[in-house]
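Here is data_35.cif, consisting of mmCIF, C-alpha atoms:
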```
data_run
#
loop_
_atom_site.label_atom_id
_atom_site.label_comp_id
_atom_site.auth_asym_id
_atom_site.auth_seq_id
_atom_site.Cartn_x
_atom_site.Cartn_y
_atom_site.Cartn_z
CA ASN M 1 5.51 3.96 -19.16
CA ALA M 2 6.85 2.22 -16.04
CA GLY M 3 7.39 5.42 -13.99
CA VAL M 4 10.03 4.90 -11.30
CA THR M 5 11.49 1.42 -10.94
CA GLN M 6 13.85 0.04 -8.29
CA THR M 7 15.94 -3.09 -7.95
CA PRO M 8 16.20 -5.24 -5.98
CA LYS M 9 12.88 -5.47 -4.14
CA PHE M 10 14.39 -7.17 -1.14
CA GLN M 11 17.95 -7.78 0.04
CA VAL M 12 19.62 -9.34 3.06
CA LEU M 13 23.19 -8.30 3.84
CA LYS M 14 25.70 -9.16 6.51
CA THR M 15 27.37 -6.34 8.40
CA GLY M 16 30.27 -4.98 6.38
CA GLN M 17 29.00 -6.12 2.98
CA SER M 18 28.43 -3.64 0.21
CA MET M 19 25.64 -3.27 -2.29
CA THR M 20 24.12 -0.87 -4.77
CA LEU M 21 20.45 -0.04 -5.03
CA GLN M 22 19.35 0.83 -8.54
CA CYS M 23 16.70 3.34 -9.56
CA ALA M 24 15.49 4.37 -13.00
CA GLN M 25 12.72 6.64 -14.26
CA ASP M 26 11.26 6.98 -17.73
CA MET M 27 9.38 10.25 -17.21
CA ASN M 28 12.22 12.49 -18.42
CA HIS M 29 12.45 14.03 -14.94
CA ASN M 30 15.44 16.18 -14.06
CA SER M 31 15.50 15.58 -10.32
CA MET M 32 15.87 12.34 -8.40
CA TYR M 33 15.94 11.48 -4.70
CA TRP M 34 16.75 8.70 -2.29
CA TYR M 35 14.77 8.37 0.95
CA ARG M 36 14.78 5.87 3.74
CA GLN M 37 11.64 4.96 5.64
CA ASP M 38 11.84 3.70 9.21
CA PRO M 39 8.92 2.87 11.50
CA GLY M 40 7.62 5.94 13.29
CA MET M 41 9.97 8.30 11.43
CA GLY M 42 8.38 9.01 8.10
CA LEU M 43 10.59 9.50 5.07
CA ARG M 44 14.05 11.00 5.42
CA LEU M 45 16.09 12.32 2.51
CA ILE M 46 19.47 10.65 2.05
CA TYR M 47 20.75 12.25 -1.17
CA TYR M 48 19.27 14.05 -4.11
CA SER M 49 20.27 14.95 -7.64
CA ALA M 50 18.90 18.20 -8.99
CA SER M 51 19.97 17.37 -12.52
CA GLU M 52 22.20 15.02 -14.45
CA GLY M 53 25.76 15.42 -13.24
CA THR M 54 24.97 16.85 -9.79
CA THR M 55 24.36 15.24 -6.42
CA ASP M 56 23.93 16.68 -2.93
CA LYS M 57 23.51 15.44 0.61
CA GLY M 58 20.15 15.33 2.30
CA GLU M 59 19.31 14.87 5.97
CA VAL M 60 20.94 11.48 6.59
CA PRO M 61 23.81 10.91 4.10
CA ASN M 62 26.32 9.19 6.37
CA GLY M 63 27.19 5.67 5.23
CA TYR M 64 25.87 6.18 1.70
CA ASN M 65 27.13 7.30 -1.67
CA VAL M 66 25.22 8.03 -4.86
CA SER M 67 25.81 8.19 -8.59
CA ARG M 68 23.66 9.94 -11.15
CA LEU M 69 24.63 7.72 -14.04
CA ASN M 70 22.56 9.59 -16.62
CA LYS M 71 19.24 11.40 -16.69
CA ARG M 72 17.30 8.17 -16.13
CA GLU M 73 19.34 6.42 -13.45
CA PHE M 74 20.31 7.27 -9.87
CA SER M 75 22.00 4.61 -7.74
CA LEU M 76 22.59 4.42 -3.99
CA ARG M 77 25.59 2.55 -2.64
CA LEU M 78 26.25 1.18 0.83
CA GLU M 79 30.00 0.60 1.06
CA SER M 80 29.97 -1.20 4.41
CA ALA M 81 26.48 -2.03 5.57
CA ALA M 82 25.51 -1.66 9.24
CA PRO M 83 22.41 -2.94 11.10
CA SER M 84 21.32 0.71 11.48
CA GLN M 85 20.84 0.79 7.72
CA THR M 86 18.08 -1.78 7.88
CA SER M 87 15.20 0.13 6.32
CA VAL M 88 12.96 0.50 3.32
CA TYR M 89 14.57 2.65 0.64
CA PHE M 90 12.53 4.68 -1.80
CA CYS M 91 13.71 6.42 -4.90
CA ALA M 92 11.67 9.33 -6.24
CA SER M 93 11.78 11.74 -9.14
CA SER M 94 10.27 15.08 -10.09
CA THR M 95 10.45 17.45 -13.00
CA GLU M 96 12.45 20.02 -11.05
CA THR M 97 14.15 20.25 -7.66
CA SER M 98 11.32 22.00 -5.99
CA PRO M 99 9.06 20.43 -3.40
CA GLN M 100 6.16 22.07 -5.17
CA GLU M 101 6.73 19.68 -8.00
CA THR M 102 5.11 16.33 -7.29
CA GLN M 103 7.56 13.62 -6.38
CA TYR M 104 6.81 10.20 -7.84
CA PHE M 105 8.05 7.28 -5.80
CA GLY M 106 9.37 3.90 -6.82
CA PRO M 107 8.10 0.65 -5.25
CA GLY M 108 10.86 0.54 -2.65
CA THR M 109 13.70 -1.78 -1.66
CA ARG M 110 13.47 -3.55 1.67
CA LEU M 111 16.96 -4.00 3.13
CA LEU M 112 17.85 -6.13 6.13
CA VAL M 113 21.36 -5.92 7.53
CA LEU M 114 22.28 -8.69 9.95
CA GLY G 15 16.17 21.88 13.02
CA GLU G 16 13.02 21.82 10.97
CA ASN G 17 10.34 19.50 12.27
CA VAL G 18 6.89 18.26 11.30
CA GLU G 19 4.76 16.64 13.99
CA GLN G 20 1.80 14.51 13.00
CA HIS G 21 -1.13 13.31 15.14
CA PRO G 22 -2.57 10.86 15.81
CA SER G 23 -0.20 8.03 15.03
CA THR G 24 -3.14 5.62 14.64
CA LEU G 25 -6.78 6.31 13.89
CA SER G 26 -9.65 3.87 13.73
CA VAL G 27 -13.05 4.87 12.34
CA GLN G 28 -16.24 3.25 11.16
CA GLU G 29 -17.06 3.29 7.49
CA GLY G 30 -18.92 6.49 6.66
CA ASP G 31 -17.42 8.49 9.52
CA SER G 32 -14.99 11.37 9.01
CA ALA G 33 -11.27 11.21 9.77
CA VAL G 34 -9.01 14.13 10.63
CA ILE G 35 -5.22 14.08 10.76
CA LYS G 36 -3.30 17.09 12.04
CA CYS G 37 0.25 18.29 11.45
CA THR G 38 2.29 21.13 12.87
CA TYR G 39 5.49 22.51 11.38
CA SER G 40 8.32 24.59 12.77
CA ASP G 41 9.67 26.56 9.80
CA SER G 42 7.63 29.74 9.38
CA ALA G 43 8.95 30.03 5.80
CA SER G 44 7.32 26.75 4.75
CA ASN G 45 5.10 27.37 1.76
CA TYR G 46 4.03 23.99 0.40
CA PHE G 47 2.24 21.17 2.22
CA PRO G 48 1.60 17.87 0.42
CA TRP G 49 -0.16 14.79 1.77
CA TYR G 50 0.86 11.29 0.72
CA LYS G 51 -1.05 8.03 1.08
CA GLN G 52 0.82 4.75 1.43
CA GLU G 53 -1.08 1.49 1.24
CA LEU G 54 0.43 -1.58 2.85
CA GLY G 55 3.54 -2.67 0.96
CA LYS G 56 3.11 0.05 -1.66
CA ARG G 57 4.82 3.29 -2.54
CA PRO G 58 3.72 6.71 -1.19
CA GLN G 59 1.43 8.58 -3.57
CA LEU G 60 0.43 12.23 -3.50
CA ILE G 61 -3.27 12.66 -2.77
CA ILE G 62 -3.59 16.40 -2.22
CA ASP G 63 -1.43 19.44 -1.59
CA ILE G 64 -1.85 23.05 -0.54
CA ARG G 65 0.22 26.15 -0.97
CA SER G 66 0.67 28.91 1.58
CA ASN G 67 -1.47 31.43 -0.26
CA VAL G 68 -4.55 29.21 0.14
CA GLY G 69 -6.42 28.37 3.33
CA GLU G 70 -8.36 25.36 2.14
CA LYS G 71 -8.45 22.95 -0.78
CA LYS G 72 -10.93 20.20 -1.60
CA ASP G 73 -10.89 17.20 -3.89
CA GLN G 74 -14.04 15.10 -3.64
CA ARG G 75 -14.00 13.48 -0.18
CA ILE G 76 -10.61 14.87 0.76
CA ALA G 77 -9.85 18.37 2.01
CA VAL G 78 -6.84 20.07 3.50
CA THR G 79 -6.85 23.22 5.65
CA LEU G 80 -3.90 25.43 6.49
CA ASN G 81 -3.45 27.87 9.37
CA LYS G 82 -0.18 29.70 8.76
CA THR G 83 -0.44 31.77 11.92
CA ALA G 84 -0.63 28.68 14.09
CA LYS G 85 1.67 26.71 11.76
CA HIS G 86 -0.60 23.76 11.41
CA PHE G 87 -2.47 22.00 8.64
CA SER G 88 -4.96 19.17 8.58
CA LEU G 89 -6.28 16.45 6.30
CA HIS G 90 -10.01 15.76 6.38
CA ILE G 91 -11.53 12.64 4.84
CA THR G 92 -15.32 12.47 4.78
CA GLU G 93 -17.53 9.43 4.24
CA THR G 94 -14.60 7.11 4.81
CA GLN G 95 -14.45 3.81 2.94
CA PRO G 96 -12.42 0.65 3.64
CA GLU G 97 -10.12 1.52 0.72
CA ASP G 98 -9.10 4.67 2.61
CA SER G 99 -7.25 2.40 5.04
CA ALA G 100 -3.56 3.27 4.70
CA VAL G 101 -0.74 5.27 6.26
CA TYR G 102 -0.96 8.99 5.57
CA PHE G 103 2.05 11.29 5.65
CA CYS G 104 2.05 15.05 5.79
CA ALA G 105 5.06 17.09 4.71
CA ALA G 106 6.21 20.71 4.69
CA THR G 107 8.95 22.52 2.87
CA ALA G 108 12.09 23.65 4.64
CA PHE G 109 15.00 25.56 3.15
CA SER G 110 18.32 24.15 4.25
CA GLY G 111 21.73 23.74 2.66
CA GLY G 112 20.69 25.61 -0.46
CA TYR G 113 17.83 23.28 -1.13
CA ASN G 114 14.13 23.65 -0.44
CA LYS G 115 13.34 20.13 0.72
CA LEU G 116 10.37 18.25 2.09
CA ILE G 117 10.22 17.29 5.78
CA PHE G 118 7.81 14.43 6.41
CA GLY G 119 5.72 13.71 9.46
CA ALA G 120 5.96 10.29 11.10
CA GLY G 121 2.69 9.09 9.57
CA THR G 122 -0.84 8.18 10.67
CA ARG G 123 -2.14 4.67 10.26
CA LEU G 124 -5.85 4.95 9.39
CA ALA G 125 -8.08 1.91 9.68
CA VAL G 126 -11.63 2.11 8.32
CA HIS G 127 -13.86 -0.68 9.61
CA PRO G 128 -16.88 -1.83 7.57
#
```
Rewrite the structure from the file as structure tokens, please.
Amino acid sequence: NAGVTQTPKFQVLKTGQSMTLQCAQDMNHNSMYWYRQDPGMGLRLIYYSASEGTTDKGEVPNGYNVSRLNKREFSLRLESAAPSQTSVYFCASSTETSPQETQYFGPGTRLLVL
Amino acid sequence: GENVEQHPSTLSVQEGDSAVIKCTYSDSASNYFPWYKQELGKRPQLIIDIRSNVGEKKDQRIAVTLNKTAKHFSLHITETQPEDSAVYFCAATAFSGGYNKLIFGAGTRLAVHP
């Protein structure tokens, strides 16, 4: 039981390049989330998926797109990376879309945009 | 918008001392308050949570108190140990855009010195 996994662990991009961050969970959770973590700002929600087939914007969705590929996988795409997107990205999952359900986080992807 | 303020941003204590981290929130409808611990280079992990119908909750050396009138809640760690060194995040629920989401504080870096 691996929990929540993310790939890659680290990525360097040039401004304007695109990439997709992958996330998968093996806990049969319905809900999945993408956060970004910046120094001094805690965790901010980018997008979430309440269940397979649905996605919704969080606090900071601009510049990102997501795909809930199936119940296990939730990917985050940067179409044209900008230096402001340099951050650590965490995927999380929970049984239901309710903050009172514990969110389990992946190990994170550290992204540097030059 | 909804906001969670967390203080202090850094905290240094001697092993065996107590540590207290305080958070205030702005949404009076918030009803769930989790605390996450993030060790260096690791993912955030839930350590304790409290719901609005409870004033205090304890789990071994960790306790959380909630004052709904004043809209603040606190994490108390007693008999601190070096392995308690980490960044701690508080969070509170906020209902926005049809979704009851978590708003995170900016984090407190706790250092426990032997």
For Tyr39 (chain G), list every protein, DNA or RNA residue within 6 Å, evaluated using only C-alpha atoms, and leave out those in the same chain fewer than 4 positions away; present the list as a VMD selection string.
-> chain G and resid 17 to 18 85
Pull out every residue of chain M sitting within 9 Å of chain G, counting all atoms listed in the file, and send them as a VMD selection string.
-> chain M and resid 39 to 45 57 to 58 90 97 to 100 102 to 108
Just the selected residues (C-alpha atoms), exported as a CSV table (one decimal), keeping the file's coordinate frame, please.
```csv
chain,number,residue,atom,x,y,z
M,39,PRO,CA,8.9,2.9,11.5
M,40,GLY,CA,7.6,5.9,13.3
M,41,MET,CA,10.0,8.3,11.4
M,42,GLY,CA,8.4,9.0,8.1
M,43,LEU,CA,10.6,9.5,5.1
M,44,ARG,CA,14.0,11.0,5.4
M,45,LEU,CA,16.1,12.3,2.5
M,57,LYS,CA,23.5,15.4,0.6
M,58,GLY,CA,20.2,15.3,2.3
M,90,PHE,CA,12.5,4.7,-1.8
M,97,THR,CA,14.2,20.2,-7.7
M,98,SER,CA,11.3,22.0,-6.0
M,99,PRO,CA,9.1,20.4,-3.4
M,100,GLN,CA,6.2,22.1,-5.2
M,102,THR,CA,5.1,16.3,-7.3
M,103,GLN,CA,7.6,13.6,-6.4
M,104,TYR,CA,6.8,10.2,-7.8
M,105,PHE,CA,8.0,7.3,-5.8
M,106,GLY,CA,9.4,3.9,-6.8
M,107,PRO,CA,8.1,0.6,-5.2
M,108,GLY,CA,10.9,0.5,-2.6
```
Near Gly16 (chain M), within 12 Å and counting all atoms listed in the file, which residues show up once chain neighbours fewer than 4 positions away are dropped, as a PyMOL selection string?
-> chain M and resi 12+63+78-85+113-114
Excluding same-chain residues fewer than 4 positions from region 24-26 of chain M, what lies within 10 Å of it counting all atoms listed in the file, as a list in words?
->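 After dropping sequence-adjacent residues, the list is Asn1, Ala2, Gly3, Val4, Thr5, Gln6, Thr7, Asn30, Met32, Leu69, Asn70, Lys71, Arg72, Glu73, Phe74, Ser75, Cys91, Ala92, Ser93, Ser94, Tyr104, Phe105 and Gly106 of chain M.
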If we count all atoms listed in the file and set the cut-off at 7 Å, which residues sit around Ile35 (chain G), ignoring sequence neighbours fewer than 3 positions away in its own chain? Please answer as a compact mmCIF listing (two decimals) with C-alpha atoms, in the coordinates of the input.
```txt
# COMPACT_ATOMS: atom_id res chain seq x y z
CA HIS G 21 -1.13 13.31 15.14
CA PRO G 22 -2.57 10.86 15.81
CA SER G 88 -4.96 19.17 8.58
CA LEU G 89 -6.28 16.45 6.30
CA HIS G 90 -10.01 15.76 6.38
```
Quick one: distance from CA of Lys51 (chain G) to CA of Pro128 (chain G) in Å, one decimal?
->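 Straight-line distance from CA of Lys51 (chain G) to CA of Pro128 (chain G) works out to 19.7 Å.
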Just give me the residues with any atom within 9 Å of (20.3, 11.5, -0.2), file coordinates, counting only C-alpha atoms, written as a list in words.
->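 The answer, in the requested form, is Tyr33, Trp34, Tyr35, Arg36, Arg44, Leu45, Ile46, Tyr47, Tyr48, Ser49, Thr55, Asp56, Lys57, Gly58, Glu59, Val60, Pro61, Tyr64, Asn65, Val66 and Leu76 of chain M.
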What separation in Å, quoted to one decimal, exists between CA of Ser51 (chain M) and CA of Thr109 (chain M)?
->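 CA of Thr109 (chain M) lies 22.9 Å from CA of Ser51 (chain M).
When the distance limit is 8 Å and only C-alpha atoms are what count, the residues near Pro8 (chain M), minus those fewer than 3 positions from it on the same chain, are Gln11, Leu21, Gln22 and Thr109 of chain M.
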Could you work out how far CA of Arg75 (chain G) lies from CA of Gln95 (chain G), giving the answer in Å with one decimal?
-> 10.2 Å
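Closest approach to Ala50 (chain M) from the set M:Ser18, M:Ser67, M:Asn62, M:Ser31 is made by M:Ser31, with distances taken over only C-alpha atoms.
The residues caught by the PyMOL selection byres ((chain G and resi 76) around 8) in this file are Ile62, Lys72, Asp73, Gln74, Arg75, Ala77, Val78, Leu89, His90, Ile91 and Thr92 of chain G.
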Could you write region 66-89 of chain M as a JSON list (two decimals), keeping the file's coordinate frame, with N, CA, C and O atoms rebuilt where they are missing?
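The new file result05.json reads:
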```json
[["chain", "number", "residue", "atom", "x", "y", "z"],
["M", 66, "VAL", "N", 26.14, 8.09, -3.73],
["M", 66, "VAL", "CA", 25.22, 8.03, -4.86],
["M", 66, "VAL", "C", 25.94, 8.32, -6.16],
["M", 66, "VAL", "O", 27.02, 8.92, -6.17],
["M", 67, "SER", "N", 25.32, 7.88, -7.24],
["M", 67, "SER", "CA", 25.81, 8.19, -8.59],
["M", 67, "SER", "C", 24.63, 8.49, -9.49],
["M", 67, "SER", "O", 23.68, 7.69, -9.54],
["M", 68, "ARG", "N", 24.68, 9.66, -10.13],
["M", 68, "ARG", "CA", 23.66, 9.94, -11.15],
["M", 68, "ARG", "C", 24.29, 9.53, -12.48],
["M", 68, "ARG", "O", 25.06, 10.27, -13.08],
["M", 69, "LEU", "N", 23.97, 8.34, -12.90],
["M", 69, "LEU", "CA", 24.63, 7.72, -14.04],
["M", 69, "LEU", "C", 24.28, 8.42, -15.35],
["M", 69, "LEU", "O", 25.10, 8.55, -16.26],
["M", 70, "ASN", "N", 23.07, 8.85, -15.47],
["M", 70, "ASN", "CA", 22.56, 9.59, -16.62],
["M", 70, "ASN", "C", 21.23, 10.19, -16.19],
["M", 70, "ASN", "O", 20.88, 10.12, -15.00],
["M", 71, "LYS", "N", 20.48, 10.75, -17.10],
["M", 71, "LYS", "CA", 19.24, 11.40, -16.69],
["M", 71, "LYS", "C", 18.25, 10.40, -16.10],
["M", 71, "LYS", "O", 17.46, 10.72, -15.22],
["M", 72, "ARG", "N", 18.28, 9.17, -16.54],
["M", 72, "ARG", "CA", 17.30, 8.17, -16.13],
["M", 72, "ARG", "C", 17.65, 7.49, -14.81],
["M", 72, "ARG", "O", 16.76, 7.08, -14.09],
["M", 73, "GLU", "N", 18.94, 7.34, -14.51],
["M", 73, "GLU", "CA", 19.34, 6.42, -13.45],
["M", 73, "GLU", "C", 20.07, 7.12, -12.30],
["M", 73, "GLU", "O", 20.95, 7.96, -12.52],
["M", 74, "PHE", "N", 19.73, 6.69, -11.09],
["M", 74, "PHE", "CA", 20.31, 7.27, -9.87],
["M", 74, "PHE", "C", 20.50, 6.12, -8.89],
["M", 74, "PHE", "O", 19.53, 5.53, -8.43],
["M", 75, "SER", "N", 21.74, 5.78, -8.59],
["M", 75, "SER", "CA", 22.00, 4.61, -7.74],
["M", 75, "SER", "C", 22.47, 5.05, -6.35],
["M", 75, "SER", "O", 23.07, 6.11, -6.18],
["M", 76, "LEU", "N", 22.20, 4.19, -5.38],
["M", 76, "LEU", "CA", 22.59, 4.42, -3.99],
["M", 76, "LEU", "C", 23.47, 3.26, -3.56],
["M", 76, "LEU", "O", 23.10, 2.10, -3.69],
["M", 77, "ARG", "N", 24.64, 3.59, -3.02],
["M", 77, "ARG", "CA", 25.59, 2.55, -2.64],
["M", 77, "ARG", "C", 25.86, 2.57, -1.14],
["M", 77, "ARG", "O", 26.08, 3.64, -0.55],
["M", 78, "LEU", "N", 25.83, 1.38, -0.55],
["M", 78, "LEU", "CA", 26.25, 1.18, 0.83],
["M", 78, "LEU", "C", 27.59, 0.48, 0.76],
["M", 78, "LEU", "O", 27.70, -0.66, 0.31],
["M", 79, "GLU", "N", 28.65, 1.16, 1.17],
["M", 79, "GLU", "CA", 30.00, 0.60, 1.06],
["M", 79, "GLU", "C", 30.26, -0.48, 2.12],
["M", 79, "GLU", "O", 30.90, -1.48, 1.85],
["M", 80, "SER", "N", 29.76, -0.25, 3.32],
["M", 80, "SER", "CA", 29.97, -1.20, 4.41],
["M", 80, "SER", "C", 28.72, -1.19, 5.27],
["M", 80, "SER", "O", 28.57, -0.35, 6.17],
["M", 81, "ALA", "N", 27.80, -2.09, 4.96],
["M", 81, "ALA", "CA", 26.48, -2.03, 5.57],
["M", 81, "ALA", "C", 26.53, -2.25, 7.09],
["M", 81, "ALA", "O", 27.34, -3.05, 7.60],
["M", 82, "ALA", "N", 25.64, -1.55, 7.78],
["M", 82, "ALA", "CA", 25.51, -1.66, 9.24],
["M", 82, "ALA", "C", 24.05, -1.97, 9.58],
["M", 82, "ALA", "O", 23.15, -1.59, 8.81],
["M", 83, "PRO", "N", 23.81, -2.63, 10.71],
["M", 83, "PRO", "CA", 22.41, -2.94, 11.10],
["M", 83, "PRO", "C", 21.52, -1.69, 11.13],
["M", 83, "PRO", "O", 20.32, -1.79, 10.87],
["M", 84, "SER", "N", 22.11, -0.53, 11.44],
["M", 84, "SER", "CA", 21.32, 0.71, 11.48],
["M", 84, "SER", "C", 20.80, 1.12, 10.10],
["M", 84, "SER", "O", 19.93, 2.01, 10.00],
["M", 85, "GLN", "N", 21.30, 0.49, 9.07],
["M", 85, "GLN", "CA", 20.84, 0.79, 7.72],
["M", 85, "GLN", "C", 19.71, -0.13, 7.26],
["M", 85, "GLN", "O", 19.24, -0.03, 6.13],
["M", 86, "THR", "N", 19.28, -0.99, 8.15],
["M", 86, "THR", "CA", 18.08, -1.78, 7.88],
["M", 86, "THR", "C", 16.91, -0.82, 7.75],
["M", 86, "THR", "O", 16.62, -0.03, 8.66],
["M", 87, "SER", "N", 16.24, -0.86, 6.61],
["M", 87, "SER", "CA", 15.20, 0.13, 6.32],
["M", 87, "SER", "C", 14.52, -0.23, 5.00],
["M", 87, "SER", "O", 14.92, -1.17, 4.32],
["M", 88, "VAL", "N", 13.53, 0.56, 4.66],
["M", 88, "VAL", "CA", 12.96, 0.50, 3.32],
["M", 88, "VAL", "C", 13.43, 1.75, 2.58],
["M", 88, "VAL", "O", 13.29, 2.87, 3.09],
["M", 89, "TYR", "N", 14.00, 1.55, 1.41],
["M", 89, "TYR", "CA", 14.57, 2.65, 0.64],
["M", 89, "TYR", "C", 13.67, 2.96, -0.56],
["M", 89, "TYR", "O", 13.32, 2.07, -1.34]]
```
